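Presented below is the structure to which this report refers.
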Amino acid sequence: MIEFQDLTKTYGRLRAVEGLSLRVEPGEVYALLGPNGAGKTTALRCLATLQAPTSGTALVGDADVRERPLVVRARIGFLAASMGLYERLTPVELLQYFGRLHSMEGSALDGRVAELVRVFGITPFASQRCGTLSTGQAQRVSVARALIHDPPALILDEPTMGLDVLSGEVIYRFIEAERERGKAILFSTHHMAEVQLLADRVGVLSGGRLVAEGTPASLIERTGEPNLARAFLALVQDVTPEEPA
Amino acid sequence: MSSAWVVFRKELRETLRDRRTLTVMVVIPILLYPLLLIASEQFALLGIRRIESEASQVAVSGPASEDLLDFLASDEDLELLDVPDPVEAIRSDFVGAVVVFGPRPAADATQSVTVLYDAADERSQRARAVVARALGSWDDTLLARRLVERGLPSGFAEPLAVADSSVARAEELGGYTLGRFLPLLLIVMTLLGTFYPAIDMAAGEKERGTLETLLTAPVPARQIVVGKFLAVALIGVVAAGLNLASMLLTFQTGLFQLGGSLDIDFALPWGSVLIIFATLIPLAVLFGSLFLGIALRSRSFKEAQTALTPVYLLVMVPALLPVFPGIGFTVALAAVPVAGLGIFFRELMAGSPALAPSMVAVVTTALWAWAALAFASDSFGREDVLFGAGDARVESGGGLRERLRRLLGPVSSTPSTAQAIGFIAAVAVLFFYMGFPLQAGWGERGLLLSEWLLLLIPAFLFVRIGGFDFSETFSFRRPGGPQVAGALLLVSGAMPLGWFLAWAQGFVLPVPWDMLEGLEDLITAESPSRLLWLLALLALTPAICEEAVFRGVLLSGIRGRASVVRVAVFNGLVFGAFHISFESAFRFLPTAWLGFILAWAVLSTRSIWVGVLMHFVNNGSIVLIASVPALRAWLEDGGEAPPWVLLAPALLALLVGVRLLGGEAVAARGMPDTADSL
């Protein structure tokens with residue numbers, strides 16, 4: 001469903017992502033791990049058609065990000081690390097806005113907005129402006145926004161960043177529910193606990209390269225470390241990050 | 001529903017919830033302007049009335065007749081005082097004016113009278129006016145008495161009784177008065193109306209992180225831009241429209257009357273109001289798109305404000321033109337962005353706009369607006385504009401040494417745009433503070449030194465210290481034979497066309513002939529050795545030094561950021577701007593044209609030697625023409641206009657040159673259009 005094919009992204013002589021190839025199947029949750037600057041955000045942005053790959057490509061279903069960006073965008077729900085809410089709109093107005101941008105209209109749009117407001121517990125603050133929401137409330141609205149068009153693939157860039165345990169739990173439940181519905185989910189994170197909790201498979205990026213891939217258990221086993229955090233450290237320390245030339 | 005319409009509605013809704021915009025758009029025109037105008041007029045009137053209600057204190061000095069003193073003393077508006085020191089008495093505000101009488105004349109002769117007053121003091125001005133009136137009245141009385149004594153008729157001393165009377169109708173006078181300041185106000189308010197919304201919709205959206213989210217919606221980037229600029233333009237137009245309405249109503253209600261002394265009707269015809277309102281739309285689009293395009297390049301609201309402030313001030317220059325006296329409504333001026341429309345408004349308010357310049361003003365404003373929109377659209381499609389040159393987390397951090405290395409050193413083998421422009425700015429400052437004094441003090445030797453020391457050496461040092469690739473930055477590629485031929489043809493066509501441009505520019509900008517004559521002396525050689533020296537100084541030196549800076553460092557920094565033509569235009573504009581000074585603004589257009597041609601040729605051939613050759617030929621030709629009397633006589637045969645016979649061959653040479661070089665034009669190698677080309 002989601003596929004990177006030898007994707008490379010460079011900025012001048014800096015190789016942010018190099019030869020990335022991976023696949024996320026429908027109903028699978030794939031976690032992208034890596035230290036700061038490893039290239040996670042760049043890879044996700046390339047997949048979300050926000051940035052052009054320097055070489056290689058990425059696909060969502062049969063749609064290539066280079067050739068059919070609008071089709072790719074229609075098939076993904078993208079949650080950026082920054083929540084991306086319009087402060088002077090209410091959550092309902094925001095959801096309606098993005099729904100219309102996805103060509104939804106009338107009762108179909110109203111019904112979908114009402115459903116998401118209910119599912120994510122947005123009702124108590126549905127008519128408040130987004131600028132007045134707490135971090136947890138804003139993240140729930142943000143996730144609902146990514147799901148407004150019910151996309152088959154989800155790309156989540158650090159979805160629990162800055163959230164408390166309770167708000168994080170809402171996101172976990174959402175990811176699990178979407179997996180049950182057969183969605184292909186690719187998310188980046190720094191939290192090993194949520195990787196172990198959610199991810200079917202893990203990819204470890206370091207210096208722009210995919211240095212390891214497998215289930216959390218297989219990575220622990222491969223490194224001989226007692227837990228995923230140790231395994232991750234062992235994997236990224238094995239690789240000397242490429243310095244910008 | 002069109003995506004642009006969806007974006008437009010959302011932007012409008014959000015903007016109308018923004019207090020800043022509402023203040024600029026609604027509160028200022030509807031409340032603040034009328035209040036300010038009325039309050040300022042009332043305060044002014046109050047002050048004037050208070051001054052007028054008091055008798056002006058005046059002193060007299062010198063031998064005045066008793067009759068005159070009695071006459072002055074009897075004036076209710078005057079209070080005569082004695083002062084020992086007239087000047088000190090005025091300066092210390094003891095009296096408003098002092099009447100100083102000269103020596104008593106013989107009978108029937110003229111006595112000189114000087115009224116001392118303080119021009120910087122309103123009471124003193126009032127005292128002077130009252131004294132002048134009284135003295136004038138006494139003068140008339142005295143004259144009448146003398147005429148009667150001699151049995152002469154009153155017309156003897158006044159053969160002509162001159163009076164003037166304006167035939168302007170009250171509404172014409174109103175239109176003329178409005179036309180003096182309302183165009184500026186409308187332009188400024190359109191500018192202000194678009195300023196904050198544009199920043200908010202571009203840099204604000206980036207800062208809040210919403211742009212990333214928006215761009216993952218399945219909507220072409222152009223639709224988003226169109227939605228945004230429509231919202232910005234509408235807000236600008238509404239802001240300007242509210243200002244227009246508020247101002248007209250304030251005048252028409254009679255609350256503000258410009259002192260109430262004139263018979264003025266401020267009612268503009270509805271037709272004129274509608275035309276003004278309609279033509280504000282392309283102006284708002286122009287401002288909105290320009291601001292959007294620039295604001296998109298900033299990372300935050302604050303950064304965008306800083307970036308847009310100089311643009312705002314720059315736009316104010318043409319906006320002020322209609323206010324200045326003697327600025328006519330010519331076709332050439334009508335084509336100047338912002339100024340053309342401002343003068344059109346002025347003429348429309350006065351009721352007599354000429355058709356041709358009016359059409360030119362409206363059409364060119366629409367064209368400028370279209371160009372600005374293309375600029376904004378282009379910015380929106382570029383990932384380097386939207387997300388910078390890479391992940392901030394990758395680029396930032398490191399110790400001081402690392403930061404300095406990043407600041408000075410290259411990420412790639414050629415300078416970045418910012419580095420190249422920063423270098424040009426530094427060279428400009430260097431040239432201003434050192435180059436001009438060198439040239440003023442040492443003449444030709446100073447010019448030579450300033451070119452080599454302040455242009456070429458800094459360019460080489462910049463590339464050396466920055467660690468850039470010399471060959472790539474300066475495009476040290478040997479051109480082929482056809483390229484050399486193409487370059488020669490191109491420059492031989494471009495030179496006469498540059499002359500035509502300069503001639504056409506003369507209709508707008510006055511040509512400083514005195515200065516040109518001085519320049520002519522400098523470039524005219526009377527002997528072969530002098531000719532060689534002038535060729536070395538004025539042709540070879542700039543060909544090497546200026547090419548290294550403008551087609552070397554600058555071009556390498558901007559190459560690939562846009563299409564070849566756009567990059568060449570930018571290069572030409574910078575080159576033109578570098579050559580202007582207070583006395584030589586007329587050089588801008590021809591020099592920018594030359595810079596554009598040189599940049600295009602270097603981009604097309606990837607060889608700076610082509611630029612050096614063309615630059616040398618261009619400057620060398622000017623020296624030769626000036627120094628060969630027969631050639632000069634032939635070229636100057638038509639007076640100030642260039643010989644029209646040159647036009648066709650020049651165009652032909654240009655086209656063949658373009659054809660020869662254009663075949664190898666190097667395609668732009670910028671970042672791909674993120675949103676639309678993927």
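Lettering and numbering for the structure tokens are positional, with chains as A, B, ... in the shown order, residues counted from 1 in each chain, and ligands counted from 1 in the shown order.
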
#### Entry: Selection: 8 Å around stretch 116-129 of chain A, only C-alpha atoms, excl. self and same-chain fewer than 2 positions, as a PyMOL selection string
chain A and resi 87-92+112-114+131-133+137+140-141+144+148+170

I'd like the contact shell of stretch 288-298 of chain B - 10 Å cut-off, only C-alpha atoms, skipping same-chain residues fewer than 5 positions apart - returned as an mmCIF file with C-alpha atoms, in the first residue's frame.
```
data_model
loop_
_atom_site.group_PDB
_atom_site.id
_atom_site.type_symbol
_atom_site.label_atom_id
_atom_site.label_comp_id
_atom_site.auth_asym_id
_atom_site.auth_seq_id
_atom_site.Cartn_x
_atom_site.Cartn_y
_atom_site.Cartn_z
ATOM 1 C CA THR B 190 -4.931 49.365 -0.308
ATOM 2 C CA LEU B 191 -1.338 48.672 0.622
ATOM 3 C CA LEU B 192 -2.101 48.510 4.322
ATOM 4 C CA GLY B 193 -5.256 46.512 3.717
ATOM 5 C CA THR B 194 -3.279 43.787 1.953
ATOM 6 C CA PHE B 195 -0.169 43.978 4.131
ATOM 7 C CA TYR B 196 -1.221 42.043 7.226
ATOM 8 C CA PRO B 197 -3.547 39.529 5.558
ATOM 9 C CA ALA B 198 -0.806 38.617 3.061
ATOM 10 C CA ILE B 199 1.703 38.071 5.850
ATOM 11 C CA ASP B 200 -0.812 36.102 7.864
ATOM 12 C CA MET B 201 -1.837 33.891 4.947
ATOM 13 C CA ALA B 202 1.747 33.130 3.937
ATOM 14 C CA ALA B 203 4.371 33.488 6.662
ATOM 15 C CA GLY B 204 1.743 33.152 9.402
ATOM 16 C CA GLU B 205 0.572 29.879 7.931
ATOM 17 C CA LYS B 206 4.150 28.633 7.759
ATOM 18 C CA GLU B 207 4.843 29.699 11.318
ATOM 19 C CA VAL B 225 -2.679 30.738 -4.276
ATOM 20 C CA VAL B 226 -5.669 32.014 -6.219
ATOM 21 C CA LYS B 228 -5.508 33.321 -0.957
ATOM 22 C CA PHE B 229 -4.738 36.222 -3.259
ATOM 23 C CA LEU B 230 -8.442 36.724 -3.981
ATOM 24 C CA ALA B 231 -9.049 37.058 -0.263
ATOM 25 C CA VAL B 232 -6.102 39.431 0.174
ATOM 26 C CA ALA B 233 -7.154 41.493 -2.841
ATOM 27 C CA LEU B 234 -10.765 41.709 -1.678
ATOM 28 C CA ILE B 235 -9.680 42.852 1.760
ATOM 29 C CA GLY B 236 -7.398 45.453 0.174
ATOM 30 C CA PRO B 282 -5.846 45.155 -10.017
ATOM 31 C CA LEU B 283 -3.897 47.382 -7.632
ATOM 32 C CA GLU B 303 10.449 37.942 9.614
ATOM 33 C CA ALA B 304 7.864 38.685 6.925
ATOM 34 C CA GLN B 305 7.129 42.074 8.479
ATOM 35 C CA THR B 306 10.820 42.879 8.379
ATOM 36 C CA ALA B 307 11.120 41.679 4.788
ATOM 37 C CA LEU B 308 8.056 43.578 3.603
ATOM 38 C CA VAL B 311 9.000 46.879 -0.092
ATOM 39 C CA TYR B 312 6.264 48.939 1.506
ATOM 40 C CA TRP B 368 1.886 44.238 -13.203
ATOM 41 C CA ALA B 369 -0.745 42.472 -11.113
ATOM 42 C CA TRP B 370 -0.539 39.426 -13.361
ATOM 43 C CA ALA B 371 3.263 39.395 -13.059
ATOM 44 C CA ALA B 372 3.029 39.669 -9.261
ATOM 45 C CA LEU B 373 0.513 36.847 -9.212
ATOM 46 C CA ALA B 374 2.852 34.679 -11.281
ATOM 47 C CA PHE B 375 5.589 35.487 -8.775
ATOM 48 C CA ALA B 376 3.390 34.458 -5.843
ATOM 49 C CA SER B 377 2.278 31.345 -7.656
ATOM 50 C CA ASP B 378 5.852 30.408 -8.401
ATOM 51 C CA SER B 379 6.814 30.897 -4.751
ATOM 52 C CA PHE B 380 3.996 28.653 -3.625
ATOM 53 C CA ARG B 382 8.717 25.755 -4.640
ATOM 54 C CA ASP B 384 12.873 25.540 -1.035
ATOM 55 C CA VAL B 385 10.606 28.534 -0.448
ATOM 56 C CA LEU B 386 8.094 26.578 1.580
ATOM 57 C CA PHE B 387 10.424 24.461 3.659
ATOM 58 C CA GLY B 388 13.831 26.114 3.288
#
```

### Message
I'd like the contact shell of A:Ala184 - 7 Å cut-off, only C-alpha atoms, skipping same-chain residues fewer than 2 positions apart - returned as a count of residues only.
### Response
14

#### Entry: Counting only C-alpha atoms, chain A residues within 8 Å of chain B, as number ranges by chain
A: 11-14, 36-37, 41-42, 48-52, 65-74, 78-80, 82-86, 88-89, 97-98, 100-103, 245

### Task
Could you pull out the residues in stretch 34-112 of chain A that DSSP calls helix (DSSP H, G or I) from the backbone, as a count of residues only?
33

### Task
Enumerate as number ranges by chain all residues of stretch 3-243 of chain A assigned to strand (DSSP E or B) by DSSP on the backbone, naming them with the chain letters and numbers the document uses.
A: 3-11, 14-24, 29-33, 55-60, 63-64, 76-79, 153-157, 184-189, 201-206, 209-214

### Message
Neighbouring residues of B:Val100 were defined as those with any atom within 7 Å, considering only C-alpha atoms; residues of the same chain fewer than 6 positions away were excluded. Please report them as a list in words.
### Response
Val60, Ser61, Gly62, Val113, Thr114 and Val115 of chain B

### Task
Would you list the contacts of stretch 652-664 of chain B as a ChimeraX atom specification, taking every protein, DNA or RNA residue within 8 Å and counting only C-alpha atoms, but skipping same-chain residues closer than 3 positions in sequence?
/B:482-483,485-494,601,604-605,648-649
